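work_17.txt, holding compact mmCIF, C-alpha atoms and all ligand atoms:
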```
# COMPACT_ATOMS: atom_id res chain seq x y z
CA MET B 1 -14.05 -9.23 -36.56
CA SER B 2 -12.66 -8.94 -33.02
CA ALA B 3 -11.69 -5.56 -31.52
CA ALA B 4 -8.02 -4.63 -31.19
CA PRO B 5 -6.61 -5.76 -27.82
CA ARG B 6 -6.37 -3.18 -25.05
CA ARG B 7 -2.81 -2.45 -23.94
CA LEU B 8 -1.39 -2.56 -20.42
CA LEU B 9 2.15 -1.25 -19.88
CA VAL B 10 4.20 -2.09 -16.79
CA VAL B 11 7.22 0.18 -16.26
CA TRP B 12 9.44 -1.35 -13.61
CA HIS B 13 12.78 -1.08 -11.88
CA SER B 14 14.37 -3.34 -9.31
CA PHE B 15 17.77 -3.74 -7.64
CA THR B 16 17.43 -7.03 -5.83
CA GLY B 17 14.53 -8.69 -7.62
CA ALA B 18 11.50 -8.06 -5.42
CA THR B 19 9.85 -5.35 -7.51
CA ARG B 20 10.68 -7.27 -10.65
CA ALA B 21 8.96 -10.37 -9.27
CA LEU B 22 5.91 -8.29 -8.35
CA ALA B 23 5.79 -6.68 -11.79
CA GLU B 24 6.09 -10.08 -13.49
CA ALA B 25 3.40 -11.58 -11.24
CA LEU B 26 1.09 -8.68 -12.06
CA ALA B 27 1.77 -9.01 -15.79
CA GLY B 28 1.24 -12.78 -15.73
CA ALA B 29 -2.12 -12.45 -13.99
CA ALA B 30 -3.18 -9.65 -16.33
CA ARG B 31 -2.32 -11.80 -19.37
CA LYS B 32 -4.30 -14.70 -17.95
CA GLU B 33 -7.33 -12.56 -17.12
CA GLY B 34 -7.22 -10.49 -20.32
CA ALA B 35 -6.41 -13.38 -22.65
CA ASP B 36 -6.71 -12.28 -26.31
CA ALA B 37 -8.38 -9.01 -25.36
CA LEU B 38 -5.28 -7.62 -23.65
CA GLN B 39 -1.68 -7.02 -24.67
CA VAL B 40 0.64 -6.71 -21.68
CA THR B 41 4.10 -5.16 -22.03
CA LEU B 42 6.76 -5.17 -19.33
CA LEU B 43 9.44 -2.53 -19.80
CA HIS B 44 12.45 -1.76 -17.64
CA ALA B 45 12.32 1.94 -16.71
CA ALA B 46 15.56 2.55 -18.64
CA ASP B 47 13.97 1.21 -21.83
CA ALA B 48 10.61 2.96 -21.49
CA GLY B 49 9.74 6.24 -23.16
CA ALA B 50 6.85 8.63 -23.65
CA ASP B 51 5.61 6.80 -26.76
CA ASP B 52 5.25 3.58 -24.76
CA VAL B 53 3.05 5.37 -22.24
CA LEU B 54 1.05 7.14 -24.94
CA GLY B 55 0.47 3.83 -26.73
CA ALA B 56 -0.90 2.12 -23.63
CA ASP B 57 -4.47 2.14 -22.35
CA ALA B 58 -3.25 1.85 -18.76
CA VAL B 59 0.13 1.98 -17.03
CA VAL B 60 1.59 0.42 -13.88
CA PHE B 61 4.65 2.03 -12.30
CA ALA B 62 6.61 -0.47 -10.22
CA THR B 63 9.58 0.71 -8.18
CA PRO B 64 11.57 -0.01 -5.05
CA GLU B 65 11.83 2.71 -2.47
CA THR B 66 15.37 4.01 -2.09
CA LEU B 67 16.30 6.84 0.25
CA ALA B 68 12.61 7.59 0.82
CA SER B 69 11.90 8.08 -2.87
CA ILE B 70 11.39 6.32 -6.19
CA SER B 71 14.55 4.57 -7.37
CA GLY B 72 17.03 6.47 -9.51
CA ALA B 73 16.09 4.62 -12.69
CA MET B 74 12.41 5.40 -12.16
CA LYS B 75 13.31 9.04 -11.48
CA ASP B 76 15.29 9.07 -14.71
CA PHE B 77 12.27 7.65 -16.55
CA PHE B 78 10.09 10.52 -15.30
CA ASP B 79 12.84 13.11 -15.84
CA ARG B 80 13.13 12.03 -19.48
CA ASN B 81 9.43 11.68 -20.14
CA TYR B 82 7.52 14.11 -17.93
CA TYR B 83 7.48 17.01 -20.38
CA PRO B 84 7.03 14.83 -23.49
CA LEU B 85 3.94 13.42 -21.72
CA LEU B 86 2.58 16.62 -20.21
CA GLY B 87 -0.76 17.55 -21.75
CA ARG B 88 -0.94 14.29 -23.74
CA CYS B 89 -2.09 11.65 -21.27
CA GLU B 90 -4.87 13.26 -19.24
CA GLY B 91 -7.16 10.68 -17.70
CA LYS B 92 -4.99 7.69 -18.61
CA PRO B 93 -5.52 5.00 -15.95
CA TYR B 94 -2.57 4.05 -13.77
CA ALA B 95 -1.73 1.97 -10.72
CA LEU B 96 1.31 1.63 -8.44
CA LEU B 97 3.45 -1.24 -7.18
CA VAL B 98 6.01 -0.20 -4.55
CA CYS B 99 8.46 -2.46 -2.75
CA ALA B 100 10.20 -1.13 0.35
CA GLY B 101 12.26 -2.39 3.23
CA SER B 102 10.09 -0.87 5.92
CA ASP B 103 8.17 2.15 4.63
CA GLY B 104 7.20 2.91 1.01
CA ARG B 105 4.72 5.69 1.80
CA PRO B 106 7.02 8.54 0.62
CA THR B 107 7.44 6.74 -2.70
CA ILE B 108 3.71 6.28 -3.18
CA ALA B 109 3.15 9.96 -2.34
CA GLN B 110 5.88 11.00 -4.78
CA LEU B 111 4.46 8.88 -7.60
CA GLN B 112 0.96 10.19 -6.94
CA ARG B 113 2.26 13.77 -7.10
CA ILE B 114 3.96 13.09 -10.43
CA ALA B 115 0.82 11.38 -11.74
CA THR B 116 -1.34 14.28 -10.59
CA GLY B 117 0.95 16.63 -12.50
CA LEU B 118 0.43 14.52 -15.61
CA ARG B 119 -3.33 14.31 -14.90
CA LEU B 120 -3.20 10.52 -14.90
CA ARG B 121 -6.11 8.74 -13.21
CA GLU B 122 -5.39 6.28 -10.39
CA VAL B 123 -7.78 3.34 -10.80
CA ALA B 124 -6.67 1.00 -8.01
CA GLU B 125 -5.21 1.15 -4.52
CA PRO B 126 -1.39 1.04 -4.63
CA VAL B 127 0.15 -2.31 -3.73
CA LEU B 128 2.90 -1.73 -1.15
CA VAL B 129 5.08 -4.68 -0.22
CA CYS B 130 7.59 -4.47 2.63
CA THR B 131 10.47 -6.92 2.63
CA HIS B 132 11.44 -6.07 6.24
CA ALA B 133 15.08 -5.98 5.20
CA GLN B 134 16.87 -3.84 7.79
CA THR B 135 20.58 -4.64 7.72
CA PRO B 136 22.92 -3.78 4.82
CA GLU B 137 23.33 -7.51 4.17
CA ALA B 138 19.57 -8.12 4.04
CA ILE B 139 18.92 -5.03 1.94
CA THR B 140 21.50 -5.93 -0.70
CA ALA B 141 20.60 -9.65 -0.83
CA ALA B 142 18.54 -11.08 -3.69
CA LYS B 143 14.88 -11.15 -2.66
CA LEU B 144 12.42 -14.01 -2.73
CA LEU B 145 8.95 -12.75 -1.87
CA PRO B 146 6.32 -14.78 -0.02
CA GLU B 147 3.56 -16.16 -2.22
CA ALA B 148 0.98 -14.00 -0.41
CA GLU B 149 2.76 -10.81 -1.51
CA LEU B 150 3.02 -12.00 -5.11
CA GLU B 151 -0.68 -12.80 -4.94
CA ARG B 152 -1.44 -9.16 -4.12
CA ALA B 153 0.34 -8.12 -7.31
CA ARG B 154 -1.57 -10.79 -9.25
CA GLU B 155 -4.86 -9.45 -7.90
CA LEU B 156 -3.96 -5.98 -9.10
CA GLY B 157 -3.04 -7.37 -12.52
CA ALA B 158 -6.34 -9.25 -12.79
CA LEU B 159 -8.28 -6.18 -11.69
CA LEU B 160 -6.61 -3.97 -14.28
CA ALA B 161 -7.13 -6.57 -17.00
CA ALA B 162 -10.82 -6.96 -16.15
CA GLY B 163 -11.33 -3.19 -16.02
CA LEU B 164 -9.68 -2.74 -19.41
CA ALA B 165 -11.46 -5.67 -21.03
CA LEU B 166 -14.87 -4.50 -19.78
CA GLY B 167 -14.18 -0.92 -20.84
CA ILE B 168 -14.49 0.36 -17.26
CA PHE B 169 -11.12 2.12 -17.56
C1 LIG V 201 20.21 2.48 -1.38
C2 LIG V 201 18.96 1.92 -0.80
C3 LIG V 201 18.11 2.76 -0.10
C4 LIG V 201 16.94 2.28 0.48
N1 LIG V 201 16.10 3.15 1.12
C5 LIG V 201 14.94 2.68 1.65
C6 LIG V 201 14.02 3.59 2.26
O1 LIG V 201 14.23 4.80 2.31
N2 LIG V 201 12.88 3.08 2.80
C7 LIG V 201 12.59 1.72 2.76
O2 LIG V 201 11.55 1.32 3.26
N3 LIG V 201 13.44 0.85 2.14
C8 LIG V 201 14.58 1.30 1.59
N4 LIG V 201 15.44 0.42 0.95
C9 LIG V 201 15.09 -1.01 0.90
C10 LIG V 201 14.47 -1.42 -0.44
O3 LIG V 201 13.31 -0.67 -0.73
C11 LIG V 201 14.10 -2.91 -0.38
O4 LIG V 201 15.30 -3.65 -0.22
C12 LIG V 201 13.34 -3.39 -1.60
O5 LIG V 201 13.02 -4.73 -1.43
C13 LIG V 201 14.13 -3.27 -2.86
O6 LIG V 201 13.36 -3.75 -3.94
P1 LIG V 201 14.05 -4.56 -5.13
O7 LIG V 201 14.35 -5.94 -4.62
O8 LIG V 201 13.02 -4.56 -6.20
O9 LIG V 201 15.28 -3.83 -5.51
C14 LIG V 201 16.61 0.89 0.36
C15 LIG V 201 17.47 0.05 -0.38
C16 LIG V 201 18.62 0.55 -0.95
C17 LIG V 201 19.52 -0.37 -1.74
```
Represent the structure from my file as structure tokens, please.
Ligand SMILES: Cc1cc2nc3c(=O)[nH]c(=O)nc-3n(C[C@H](O)[C@H](O)[C@H](O)COP(=O)(O)O)c2cc1C
Amino acid sequence: MSAAPRRLLVVWHSFTGATRALAEALAGAARKEGADALQVTLLHAADAGADDVLGADAVVFATPETLASISGAMKDFFDRNYYPLLGRCEGKPYALLVCAGSDGRPTIAQLQRIATGLRLREVAEPVLVCTHAQTPEAITAAKLLPEAELERARELGALLAAGLALGIF
């Protein structure tokens, strides 16, 4: 009898497609690496709740940076779920995917602060992708990321899948 699959949850939000593409690349690579031993769920931040996090063995938070912070939808996700999660997810592994025009560091710091409050355990370096969009036109345009950036998300997905499958996380 085979063991129940481990569960990886990816909570994502995206305005112009870049973070979504990264989250999907990560999930695809995790599915490939984890095969039957891993169940990967992608949930838009608006559709994700505390039970989804509690039911996962590891969680990825994927968000664009807006106004030097996590996006509004990701903020809403944490506003709705922070207290329902508090005291119930200590030590749960997590990793971060952040997509920014030029910075992203405030968003990573903010997510790490929230995760520290929840006593989550960061198990991989955050993946930060900069799109170098500077003008209003470039920032609001649909994004197509270079393959090399998608590959970084895939590497994180494969790492998380391997760690879960081997019982390291
Ligand atoms: C309202 C708004 C505010 C933004 N603020 C920042 C910012 O503070 N720092 C930054 O590096 N990028 C900022 N950006 C750029 C986005 O992070 C960038 O376009 C990113 O690719 C968006 O990801 P998405 O395609 O997943 O929506 C902002 C974009 C918008 C629409």
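Distance check against Ala124 of chain B using only C-alpha atoms: of B:Ala158, B:Leu8, B:Leu96, B:Ala153, the minimum falls on B:Leu96.
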Report task. Go through the chains and note each residue within 8 Å of ligand LIG 201 (chain V), using only C-alpha atoms and all ligand atoms, then give the set as a ChimeraX atom specification. Result -> /B:13-21,63-69,99-104,130-134,138-140,142-143
Requested in this report: Dig up all the protein and nucleic acid residues within 7 Å of (-0.1, -4.3, -22.9) in the file frame, using all atoms listed in the file, and format them as a PyMOL selection string.
Outcome: chain B and resi 6-9+38-41+56
**Report entry** For Ala23 of chain B, the nearest of the candidates B:Leu118, B:Ala37, B:Val98, B:Leu86, counting only C-alpha atoms
**Finding:** B:Val98
Query - Selection: 10 Å around Ala35 of chain B, all atoms listed in the file, excl. self and same-chain fewer than 4 positions, as a ChimeraX atom specification - result: /B:5,29-31,39-40,161,165
Around segment 151-168 of chain B, fit a box with edges along x, y and z, padding it by 8 Å on each side, then list its centre and edge lengths in Å to one decimal as JSON.
```
{"center_x": -7.3, "center_y": -6.2, "center_z": -12.6, "size_x": 31.2, "size_y": 29.2, "size_z": 32.9}
```
Which polymer residues, protein or nucleic acid, are no farther than 7 Å from (3.0, -14.4, -8.4), counting all atoms listed in the file, as a CSV table (one decimal) with C-alpha atoms, keeping the file's coordinate frame?
```
chain,number,residue,atom,x,y,z
B,22,LEU,CA,5.9,-8.3,-8.4
B,25,ALA,CA,3.4,-11.6,-11.2
B,147,GLU,CA,3.6,-16.2,-2.2
B,150,LEU,CA,3.0,-12.0,-5.1
B,151,GLU,CA,-0.7,-12.8,-4.9
B,153,ALA,CA,0.3,-8.1,-7.3
B,154,ARG,CA,-1.6,-10.8,-9.2
```
Query - Interatomic distance (Å, one decimal) between atom CA of Glu155 of chain B and atom CA of Ile114 of chain B - result: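 If I compute the distance from atom CA of Glu155 of chain B to atom CA of Ile114 of chain B, I get 24.3 Å.
Distances here use only C-alpha atoms; by that measure, the residue among B:Leu164, B:Leu145, B:Leu120, B:Ala3 closest to Leu85 of chain B is B:Leu120.
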